[in-house]
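J.: Structure incoming, see below.
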Amino acid sequence: MSSSNHNQMRRGAFATRIGAIATAVGSAVGLGNIWRFPYEAGTNGGGAFLIIYLFFIAIVGIPLLCAEFAMGRDSRANAVKTFASLTGRKSMGAVGVMGIVASVLILSFYSVVAGWTIEYTIISFSRGFKSTDVETLHSLFNSSIASPAKSLFFTWLFLLINYFALARGVRKGIERLSNLLMPVLFLILIVFCVNSLMLPDAGRGLRFLFAVDFSQVSVTTVLSAMGQAFFSLSIGLGCMLTYGSYFKDSTIIPRTAVSIASLDTLVAILSGIIIFPAVFSFGMSPTAGPTLVFETLPAIFGAMAGGRILAPLFFILLFIASLTSTISMSEISISFCTEQFGWSRKKASAAVIGLSMALGGLCALSFGPLANFKICSLTVFNLFDFASSNVLLPLGGVCASLIAGWAYPRSRLAAQLSLTGNKLFSVIRFLLRYIIPFCILLIFINSL
Ligand code: PHE
């Protein structure tokens, strides 16, 4: 059997065992929605950030999601190979390599936060969250993440769980489990929303999240909202392209992209409705940054009827949602290593996870011993977050958009999108050719 046939079989087997679309949702929904969205909205002024974020999801995110799925399904190969073959230039594979770099950076800092969810799962099972006192919660969480031993332990534990999921072939099981459990997570989020809306001073939180005050908007706000859209939809790094390569021919790509983006955005907004009323009600600050959600949630659970039971359930579900996202990030590099170098899955997984353990270790220590070690005035954790979400992903988005708009034959793109002869196709292609690259580059130039 030729190696490409072999690859095809492997890809095919993957595709039929678990719905590829459900897997793409698993990639999109994760800490990006529940942890990153509220903290980014909090540090960037709330309502104005939300509006700009929604703009990017609609104008940039959905068309790019369509383009990644289309190119992936057409080439049935990893991102590096796809970009090289669509442009007829080997050097364009570099766009795929940039995505691989971004995915490793994201995996490194994401695992630190996923480690926090493991720690909180344990705490919520054992003693639970009783205090709603801001100072107590603040010092509890900060002393915990500042401890190098604890931080490293939980970050590495999370990465090792990833390794077993990826190398031992249990990822499909995890993804199936996640598909079953995500509706439960959704229901719990709704219960938390109702609870938050009934807190005293909830109105202030809602006003913060939904009232648009454009006087608050700076280039940084726009850059952050764009980065959040890319991060949350898992686009700009070849992740959705890789998943598109597993799609069935009968999948209607635009409809799938709109469903994924809507669901993803809904979870982020629900998370905002949970966090901000609580932030104002308990007298916290919305601008706390990456620690915001982990300091706010315990107060919510402490004050809530049934919090003792719902808290552990919530953290387990959040952990599973994180795991399906990190599996998708790792898959970009793993499919590249297995297809390009002929490595076994085990060897490729070990290489990717090993590298992430080293880099993730540095991110974990950013809240403790390495807190004062800064590059461009950012800690390693913040640098990885900023460099991947706000720089590499949008840059990957520009390249993918240009390739889809200019190099990819019009008729093939239209056929993949099931939009041959449809006006909507001209709109999507126009966005890909001109508007998306122009928009992103303009924001880059301004933020320099
Ligand atoms: N979209 C994921 C989340 O919101 C994170 C992610 C980014 C996953 C990039 C894959 C690639 O949690």
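The chains in the structure tokens are called A, B, ... from first to last as shown; in each chain the residues are counted from 1, and the ligands are counted from 1 in the order shown.
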At a cut-off of 12 Å, using only C-alpha atoms, what residues contact A:Ile300? Leave out same-chain residues fewer than 5 positions from it and give the result as JSON, numbers by chain.

T.: {"A": [128, 129, 130, 131, 132, 133, 134, 137, 191, 192, 193, 194, 195, 196, 197, 198, 199, 274, 275, 276, 277, 278, 279, 280, 281, 282, 284, 293, 294, 295, 305, 306, 307, 308, 310, 311]}

J.: Take the residues just selected and output them with C-alpha atoms as a compact mmCIF listing (two decimals), in the first residue's frame.

T.:
# COMPACT_ATOMS: atom_id res chain seq x y z
CA GLY A 128 -15.45 23.24 48.39
CA PHE A 129 -15.59 27.02 48.16
CA LYS A 130 -17.03 28.66 51.22
CA SER A 131 -15.67 32.16 51.31
CA THR A 132 -16.97 35.03 49.22
CA ASP A 133 -14.45 37.42 50.68
CA VAL A 134 -12.48 38.97 47.84
CA LEU A 137 -10.05 34.34 47.47
CA VAL A 191 -28.10 27.82 35.76
CA PHE A 192 -25.04 29.92 36.70
CA CYS A 193 -26.30 32.75 34.49
CA VAL A 194 -29.65 32.85 36.26
CA ASN A 195 -27.86 32.78 39.58
CA SER A 196 -25.56 35.65 38.59
CA LEU A 197 -28.44 37.73 37.28
CA MET A 198 -30.06 37.55 40.70
CA LEU A 199 -27.02 38.88 42.54
CA ILE A 274 -21.90 34.74 34.69
CA ILE A 275 -18.68 36.55 35.50
CA PHE A 276 -19.38 40.31 35.29
CA PRO A 277 -22.44 40.58 37.53
CA ALA A 278 -20.47 38.60 40.12
CA VAL A 279 -17.38 40.77 39.68
CA PHE A 280 -19.35 43.92 40.49
CA SER A 281 -21.53 42.30 43.09
CA PHE A 282 -18.57 41.01 45.11
CA MET A 284 -13.87 42.75 42.46
CA VAL A 293 -12.37 33.91 36.22
CA PHE A 294 -10.55 31.72 38.74
CA GLU A 295 -10.98 34.34 41.45
CA ALA A 305 -27.47 27.37 46.59
CA GLY A 306 -26.33 24.03 45.18
CA GLY A 307 -22.86 25.42 44.54
CA ARG A 308 -21.28 22.59 46.49
CA LEU A 310 -22.45 22.12 40.77
CA ALA A 311 -18.88 23.39 41.28

J.: Neighbours of A:Ala348 within 7 Å (only C-alpha atoms; same-chain residues fewer than 6 positions away dropped), as a JSON list (two decimals) with N, CA, C and O atoms, in the first residue's frame?

T.:
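Result written to result05.json:
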[["chain", "number", "residue", "atom", "x", "y", "z"],
["A", 334, "ILE", "N", 1.08, 16.78, 15.14],
["A", 334, "ILE", "CA", 1.21, 15.33, 15.05],
["A", 334, "ILE", "C", 0.92, 14.84, 13.63],
["A", 334, "ILE", "O", 1.67, 14.04, 13.08],
["A", 337, "CYS", "N", 4.00, 15.64, 11.58],
["A", 337, "CYS", "CA", 5.16, 14.76, 11.82],
["A", 337, "CYS", "C", 4.93, 13.35, 11.27],
["A", 337, "CYS", "O", 5.83, 12.74, 10.71],
["A", 338, "THR", "N", 3.70, 12.82, 11.45],
["A", 338, "THR", "CA", 3.47, 11.46, 10.96],
["A", 338, "THR", "C", 3.44, 11.43, 9.43],
["A", 338, "THR", "O", 4.01, 10.54, 8.81]]

J.: Taking only C-alpha atoms and all ligand atoms into account, which residues have an atom no farther than 9 Å from ligand 1? I'd like them as a PyMOL selection string.

T.: chain A and resi 25-37+102-103+106-107+110+228-240+264+268+321-322+324-330+332+388-389+393

J.: Give me, please, the distance in Å between atom CA of A:Arg127 and atom CA of A:Leu140, quoted to one decimal.

T.: 13.2 Å

J.: Can you work out the spacing between atom CA of A:Leu359 and atom CA of A:Ser108 in Å, to one decimal?

T.: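 So the two atoms, atom CA of A:Leu359 and atom CA of A:Ser108, lie 5.7 Å apart.
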
J.: Using only C-alpha atoms, what table do you get, as CSV, when you list each residue of stretch 169-219 of chain A with an atom no more than 9 Å from stretch 45-69 of chain A, its nearest pair of atoms, and their distance in Å rounded to one decimal, rows by chain then rising number?

T.:
residue,atom,partner,partner_atom,distance
A:Arg207,CA,A:Gly47,CA,7.7
A:Phe208,CA,A:Gly46,CA,5.4
A:Leu209,CA,A:Gly47,CA,4.6
A:Phe210,CA,A:Gly47,CA,4.4
A:Ala211,CA,A:Gly47,CA,5.0
A:Val212,CA,A:Gly47,CA,4.4
A:Asp213,CA,A:Ala48,CA,5.7
A:Phe214,CA,A:Ala48,CA,5.8
A:Ser215,CA,A:Ala48,CA,8.8
A:Gln216,CA,A:Gly45,CA,6.2
A:Val217,CA,A:Ala48,CA,6.7

J.: Grab the atom CA of A:Ser335 to atom CA of A:Asn78 distance for me, in Å with one decimal place.

T.: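 Rounded to one decimal, the two atoms are 6.3 Å apart.
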
J.: Determine, counting only C-alpha atoms, which protein, DNA and RNA residues have an atom within 10 Å of an atom of A:Ala351; residues of the same chain fewer than 4 positions away are not included. Present the result as a list in words.

T.: Tyr163, Ser333, Ile334, Cys337, Arg345, Lys346, Lys347, Leu355, Ser356 and Met357 of chain A

J.: Fewer than 3 positions away in the same chain doesn't count, so skip those; otherwise give me all residues within 7 Å of A:Ala70, counting only C-alpha atoms, as a ChimeraX atom specification.

T.: /A:66-67,73-74,244,413,416-417

J.: Can you tell me, as a PyMOL selection string, what residues are no more than 12 Å from A:Gly405 when counting only C-alpha atoms, ignoring any on the same chain fewer than 3 positions away?

T.: chain A and resi 63-64+66-68+70-71+86-87+397-402+408-414+425-437

J.: For the residues selected in the previous step, produce a file with N, CA, C and O atoms as a tab-separated table (two decimals), in the first residue's frame.

T.:
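Below you can see result.tsv, which holds the result:
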chain	number	residue	atom	x	y	z
A	63	PRO	N	-15.95	33.57	7.36
A	63	PRO	CA	-15.36	33.30	6.04
A	63	PRO	C	-14.06	32.49	6.13
A	63	PRO	O	-13.83	31.58	5.33
A	64	LEU	N	-13.22	32.80	7.12
A	64	LEU	CA	-11.96	32.06	7.24
A	64	LEU	C	-12.19	30.61	7.65
A	64	LEU	O	-11.49	29.70	7.20
A	66	CYS	N	-14.79	28.91	6.83
A	66	CYS	CA	-15.21	28.27	5.57
A	66	CYS	C	-14.00	27.96	4.71
A	66	CYS	O	-13.88	26.85	4.16
A	67	ALA	N	-13.09	28.92	4.59
A	67	ALA	CA	-11.93	28.74	3.71
A	67	ALA	C	-11.04	27.60	4.23
A	67	ALA	O	-10.57	26.76	3.45
A	68	GLU	N	-10.82	27.56	5.55
A	68	GLU	CA	-9.96	26.49	6.10
A	68	GLU	C	-10.59	25.12	5.87
A	68	GLU	O	-9.92	24.18	5.46
A	70	ALA	N	-12.73	24.30	3.57
A	70	ALA	CA	-12.76	23.99	2.14
A	70	ALA	C	-11.39	23.52	1.66
A	70	ALA	O	-11.27	22.48	0.99
A	71	MET	N	-10.35	24.25	2.02
A	71	MET	CA	-9.01	23.88	1.55
A	71	MET	C	-8.59	22.53	2.13
A	71	MET	O	-7.98	21.70	1.45
A	86	LEU	N	-1.67	23.95	-2.91
A	86	LEU	CA	-2.63	24.89	-3.50
A	86	LEU	C	-1.93	26.04	-4.22
A	86	LEU	O	-2.44	26.57	-5.21
A	87	THR	N	-0.76	26.44	-3.71
A	87	THR	CA	-0.07	27.57	-4.33
A	87	THR	C	0.96	27.08	-5.36
A	87	THR	O	1.51	27.89	-6.10
A	397	GLY	N	-4.00	34.01	9.42
A	397	GLY	CA	-5.30	34.30	8.81
A	397	GLY	C	-5.13	35.08	7.51
A	397	GLY	O	-5.80	34.80	6.51
A	398	VAL	N	-4.23	36.08	7.52
A	398	VAL	CA	-3.97	36.86	6.30
A	398	VAL	C	-3.51	35.91	5.19
A	398	VAL	O	-4.01	35.95	4.06
A	399	CYS	N	-2.55	35.04	5.52
A	399	CYS	CA	-1.98	34.14	4.50
A	399	CYS	C	-3.06	33.18	3.99
A	399	CYS	O	-3.22	33.00	2.78
A	400	ALA	N	-3.81	32.57	4.92
A	400	ALA	CA	-4.83	31.59	4.50
A	400	ALA	C	-5.88	32.28	3.64
A	400	ALA	O	-6.36	31.72	2.65
A	401	SER	N	-6.22	33.52	4.02
A	401	SER	CA	-7.23	34.26	3.29
A	401	SER	C	-6.75	34.58	1.87
A	401	SER	O	-7.48	34.41	0.89
A	402	LEU	N	-5.49	35.02	1.77
A	402	LEU	CA	-4.93	35.34	0.45
A	402	LEU	C	-4.82	34.08	-0.42
A	402	LEU	O	-5.13	34.11	-1.61
A	408	TYR	N	-6.31	29.63	-4.79
A	408	TYR	CA	-7.24	28.50	-4.86
A	408	TYR	C	-8.23	28.76	-5.99
A	408	TYR	O	-8.91	29.80	-5.98
A	409	PRO	N	-8.34	27.85	-6.98
A	409	PRO	CA	-9.23	28.12	-8.10
A	409	PRO	C	-10.66	28.40	-7.64
A	409	PRO	O	-11.20	27.70	-6.78
A	410	ARG	N	-11.22	29.46	-8.21
A	410	ARG	CA	-12.55	29.94	-7.85
A	410	ARG	C	-13.61	28.83	-7.87
A	410	ARG	O	-14.40	28.67	-6.94
A	411	SER	N	-13.56	28.02	-8.94
A	411	SER	CA	-14.61	27.01	-9.09
A	411	SER	C	-14.50	25.92	-8.02
A	411	SER	O	-15.51	25.42	-7.53
A	412	ARG	N	-13.25	25.61	-7.64
A	412	ARG	CA	-13.08	24.57	-6.62
A	412	ARG	C	-13.54	25.06	-5.26
A	412	ARG	O	-14.17	24.34	-4.48
A	413	LEU	N	-13.23	26.33	-4.97
A	413	LEU	CA	-13.68	26.91	-3.69
A	413	LEU	C	-15.21	26.92	-3.65
A	413	LEU	O	-15.83	26.52	-2.67
A	414	ALA	N	-15.81	27.37	-4.76
A	414	ALA	CA	-17.28	27.44	-4.82
A	414	ALA	C	-17.89	26.06	-4.63
A	414	ALA	O	-18.87	25.89	-3.91
A	425	PHE	N	-21.43	33.51	-2.56
A	425	PHE	CA	-20.06	33.09	-2.81
A	425	PHE	C	-19.18	34.28	-3.18
A	425	PHE	O	-18.05	34.42	-2.72
A	426	SER	N	-19.73	35.18	-4.02
A	426	SER	CA	-18.96	36.36	-4.43
A	426	SER	C	-18.62	37.21	-3.20
A	426	SER	O	-17.53	37.77	-3.10
A	427	VAL	N	-19.57	37.28	-2.26
A	427	VAL	CA	-19.31	38.07	-1.05
A	427	VAL	C	-18.17	37.44	-0.25
A	427	VAL	O	-17.21	38.12	0.14
A	428	ILE	N	-18.25	36.12	-0.03
A	428	ILE	CA	-17.22	35.44	0.76
A	428	ILE	C	-15.86	35.59	0.08
A	428	ILE	O	-14.85	35.90	0.71
A	429	ARG	N	-15.84	35.42	-1.25
A	429	ARG	CA	-14.56	35.48	-1.95
A	429	ARG	C	-13.99	36.91	-1.91
A	429	ARG	O	-12.79	37.10	-1.77
A	430	PHE	N	-14.87	37.89	-2.01
A	430	PHE	CA	-14.42	39.28	-1.94
A	430	PHE	C	-13.80	39.57	-0.56
A	430	PHE	O	-12.76	40.19	-0.45
A	431	LEU	N	-14.48	39.06	0.47
A	431	LEU	CA	-13.94	39.23	1.83
A	431	LEU	C	-12.56	38.59	1.92
A	431	LEU	O	-11.62	39.18	2.46
A	432	LEU	N	-12.42	37.38	1.38
A	432	LEU	CA	-11.15	36.66	1.48
A	432	LEU	C	-10.04	37.35	0.67
A	432	LEU	O	-8.90	37.44	1.11
A	433	ARG	N	-10.39	37.84	-0.49
A	433	ARG	CA	-9.37	38.44	-1.36
A	433	ARG	C	-8.90	39.80	-0.86
A	433	ARG	O	-7.72	40.12	-0.93
A	434	TYR	N	-9.86	40.63	-0.43
A	434	TYR	CA	-9.51	42.03	-0.11
A	434	TYR	C	-9.71	42.42	1.35
A	434	TYR	O	-8.78	42.88	2.02
A	435	ILE	N	-10.94	42.25	1.81
A	435	ILE	CA	-11.31	42.88	3.09
A	435	ILE	C	-10.55	42.29	4.28
A	435	ILE	O	-9.98	43.02	5.10
A	436	ILE	N	-10.52	40.95	4.37
A	436	ILE	CA	-9.89	40.33	5.54
A	436	ILE	C	-8.39	40.65	5.62
A	436	ILE	O	-7.92	41.15	6.64
A	437	PRO	N	-7.62	40.43	4.52
A	437	PRO	CA	-6.20	40.76	4.61
A	437	PRO	C	-5.98	42.25	4.91
A	437	PRO	O	-5.16	42.60	5.76

J.: Restricting the calculation to only C-alpha atoms: of A:Leu362, A:Leu383, A:Val258, A:Val222, which residue gets closest to A:Leu442?

T.: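 Nearest candidate to A:Leu442 out of A:Leu362, A:Leu383, A:Val258, A:Val222: A:Val222.
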
J.: Of the candidates A:Leu317, A:Ile403, A:Cys439, A:Val112, which shows the shortest atom-to-atom distance to A:Leu181, using only C-alpha atoms?

T.: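 Of the candidates, the smallest distance to A:Leu181 is held by A:Leu317.
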
J.: Taking 6 positions as the minimum chain separation for residues in the same chain, which residues sit within 8 Å of A:Asn390 when counting only C-alpha atoms? Answer as a ChimeraX atom specification.

T.: /A:223-224,226-228

J.: Once DSSP has gone over the backbone, tell me which residues of stretch 99-254 of chain A are in alpha helix (DSSP H), as number ranges by chain.

T.: A: 99-126, 134-146, 148-167, 171-197, 202-210, 219-233, 239-244, 253-254

J.: Using C-alpha atoms, can you write the selected residues to a file as a tab-separated table (two decimals), in the first residue's frame?

T.:
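Just written: out.tsv:
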chain	number	residue	atom	x	y	z
A	99	GLY	CA	0.63	27.51	12.51
A	100	ILE	CA	2.55	24.66	14.09
A	101	VAL	CA	4.69	27.13	16.04
A	102	ALA	CA	1.54	28.96	17.17
A	103	SER	CA	-0.10	25.72	18.26
A	104	VAL	CA	2.87	24.75	20.43
A	105	LEU	CA	2.93	28.21	22.07
A	106	ILE	CA	-0.80	28.02	22.76
A	107	LEU	CA	-0.57	24.48	24.08
A	108	SER	CA	2.14	25.65	26.51
A	109	PHE	CA	0.22	28.44	28.23
A	110	TYR	CA	-3.21	26.84	27.81
A	111	SER	CA	-2.01	23.83	29.78
A	112	VAL	CA	-1.20	26.05	32.76
A	113	VAL	CA	-4.80	27.26	32.90
A	114	ALA	CA	-6.11	23.75	32.27
A	115	GLY	CA	-3.91	22.73	35.22
A	116	TRP	CA	-5.79	25.28	37.34
A	117	THR	CA	-9.06	23.56	36.37
A	118	ILE	CA	-7.66	20.25	37.64
A	119	GLU	CA	-6.64	21.87	40.91
A	120	TYR	CA	-10.06	23.51	41.27
A	121	THR	CA	-11.78	20.22	40.52
A	122	ILE	CA	-9.90	18.69	43.44
A	123	ILE	CA	-10.62	21.62	45.76
A	124	SER	CA	-14.31	21.67	44.87
A	125	PHE	CA	-14.55	17.95	45.60
A	126	SER	CA	-12.68	18.12	48.89
A	134	VAL	CA	-12.48	38.97	47.84
A	135	GLU	CA	-9.20	39.26	49.72
A	136	THR	CA	-9.29	35.67	50.95
A	137	LEU	CA	-10.05	34.34	47.47
A	138	HIS	CA	-7.42	36.51	45.88
A	139	SER	CA	-4.67	35.40	48.21
A	140	LEU	CA	-5.78	31.75	48.08
A	141	PHE	CA	-5.55	31.58	44.30
A	142	ASN	CA	-2.45	33.68	43.97
A	143	SER	CA	-0.49	31.78	46.56
A	144	SER	CA	-1.49	28.57	44.83
A	145	ILE	CA	-0.37	29.62	41.35
A	146	ALA	CA	2.79	31.19	42.76
A	148	PRO	CA	6.33	26.45	41.60
A	149	ALA	CA	5.82	22.83	42.64
A	150	LYS	CA	2.04	22.96	42.43
A	151	SER	CA	1.98	24.92	39.19
A	152	LEU	CA	4.44	22.63	37.45
A	153	PHE	CA	2.71	19.55	38.76
A	154	PHE	CA	-0.73	20.46	37.45
A	155	THR	CA	0.53	21.83	34.12
A	156	TRP	CA	2.57	18.69	33.46
A	157	LEU	CA	-0.20	16.44	34.68
A	158	PHE	CA	-2.54	18.00	32.14
A	159	LEU	CA	0.02	17.58	29.35
A	160	LEU	CA	0.63	13.95	30.29
A	161	ILE	CA	-3.10	13.28	30.13
A	162	ASN	CA	-2.96	14.79	26.64
A	163	TYR	CA	-0.11	12.49	25.73
A	164	PHE	CA	-2.05	9.42	26.73
A	165	ALA	CA	-5.12	10.64	24.88
A	166	LEU	CA	-3.10	11.25	21.72
A	167	ALA	CA	-0.69	8.35	21.71
A	171	ARG	CA	-8.81	10.53	21.93
A	172	LYS	CA	-11.88	9.31	20.07
A	173	GLY	CA	-13.32	8.11	23.34
A	174	ILE	CA	-12.63	11.46	24.95
A	175	GLU	CA	-14.20	13.29	22.06
A	176	ARG	CA	-17.29	11.11	22.16
A	177	LEU	CA	-17.55	11.63	25.89
A	178	SER	CA	-17.15	15.35	25.37
A	179	ASN	CA	-19.95	15.44	22.79
A	180	LEU	CA	-22.21	13.73	25.27
A	181	LEU	CA	-21.25	16.01	28.13
A	182	MET	CA	-21.12	19.41	26.45
A	183	PRO	CA	-24.91	19.85	26.53
A	184	VAL	CA	-24.63	19.30	30.29
A	185	LEU	CA	-21.98	22.03	30.51
A	186	PHE	CA	-24.31	24.27	28.56
A	187	LEU	CA	-27.17	23.65	30.99
A	188	ILE	CA	-24.94	24.33	33.98
A	189	LEU	CA	-23.83	27.59	32.40
A	190	ILE	CA	-27.46	28.63	32.08
A	191	VAL	CA	-28.10	27.82	35.76
A	192	PHE	CA	-25.04	29.92	36.70
A	193	CYS	CA	-26.30	32.75	34.49
A	194	VAL	CA	-29.65	32.85	36.26
A	195	ASN	CA	-27.86	32.78	39.58
A	196	SER	CA	-25.56	35.65	38.59
A	197	LEU	CA	-28.44	37.73	37.28
A	202	ALA	CA	-26.02	42.45	38.67
A	203	GLY	CA	-27.15	45.37	36.51
A	204	ARG	CA	-23.74	47.02	36.75
A	205	GLY	CA	-22.10	43.87	35.41
A	206	LEU	CA	-24.54	43.65	32.53
A	207	ARG	CA	-24.03	47.29	31.70
A	208	PHE	CA	-20.29	46.71	31.68
A	209	LEU	CA	-20.64	43.80	29.24
A	210	PHE	CA	-23.32	45.18	26.94
A	219	VAL	CA	-5.97	50.06	18.83
A	220	THR	CA	-5.15	47.57	21.58
A	221	THR	CA	-8.86	46.89	22.10
A	222	VAL	CA	-9.29	46.17	18.40
A	223	LEU	CA	-6.17	43.98	18.27
A	224	SER	CA	-7.29	42.04	21.35
A	225	ALA	CA	-10.83	41.53	20.03
A	226	MET	CA	-9.42	40.25	16.75
A	227	GLY	CA	-7.00	37.93	18.57
A	228	GLN	CA	-9.84	36.61	20.72
A	229	ALA	CA	-11.96	35.85	17.63
A	230	PHE	CA	-9.10	33.85	16.09
A	231	PHE	CA	-8.29	32.08	19.34
A	232	SER	CA	-11.86	31.18	20.15
A	233	LEU	CA	-12.66	29.80	16.70
A	239	CYS	CA	-6.30	23.50	13.04
A	240	MET	CA	-9.70	23.77	11.38
A	241	LEU	CA	-8.04	23.06	8.05
A	242	THR	CA	-6.77	19.77	9.45
A	243	TYR	CA	-10.25	18.96	10.76
A	244	GLY	CA	-11.76	19.95	7.40
A	253	ILE	CA	-19.37	23.82	4.93
A	254	PRO	CA	-20.94	27.32	5.28

J.: Find, counting only C-alpha atoms, the residue in A:Pro290, A:Gln340, A:Pro394, A:Ala299 that gets nearest to A:Phe381.

T.: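 Closest residue, counting only C-alpha atoms: A:Pro290.
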
J.: Show me, as a list in words, the residues that have an atom within 10 Å of A:Gly289 when counting only C-alpha atoms, minus same-chain residues fewer than 5 positions from it.

T.: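 The residues satisfying every condition are Trp35, Arg36, Pro38, Tyr39, Glu40, Ala41, Gly42, Thr43 and Asn44 of chain A.
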
J.: Write out, as a short mmCIF file (atom, residue, chain, number, x, y, z; two decimals), in the first residue's frame, the residues just selected, with C-alpha atoms.

T.:
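Wrote it out as again-v1.cif, contents follow:
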data_model
loop_
_atom_site.label_atom_id
_atom_site.label_comp_id
_atom_site.auth_asym_id
_atom_site.auth_seq_id
_atom_site.Cartn_x
_atom_site.Cartn_y
_atom_site.Cartn_z
CA TRP A 35 -11.65 31.83 30.78
CA ARG A 36 -10.12 34.01 28.06
CA PRO A 38 -14.21 37.39 30.15
CA TYR A 39 -10.67 38.39 31.05
CA GLU A 40 -10.04 40.01 27.66
CA ALA A 41 -13.42 41.77 27.76
CA GLY A 42 -12.66 42.87 31.32
CA THR A 43 -9.30 44.43 30.51
CA ASN A 44 -10.57 46.00 27.28
#
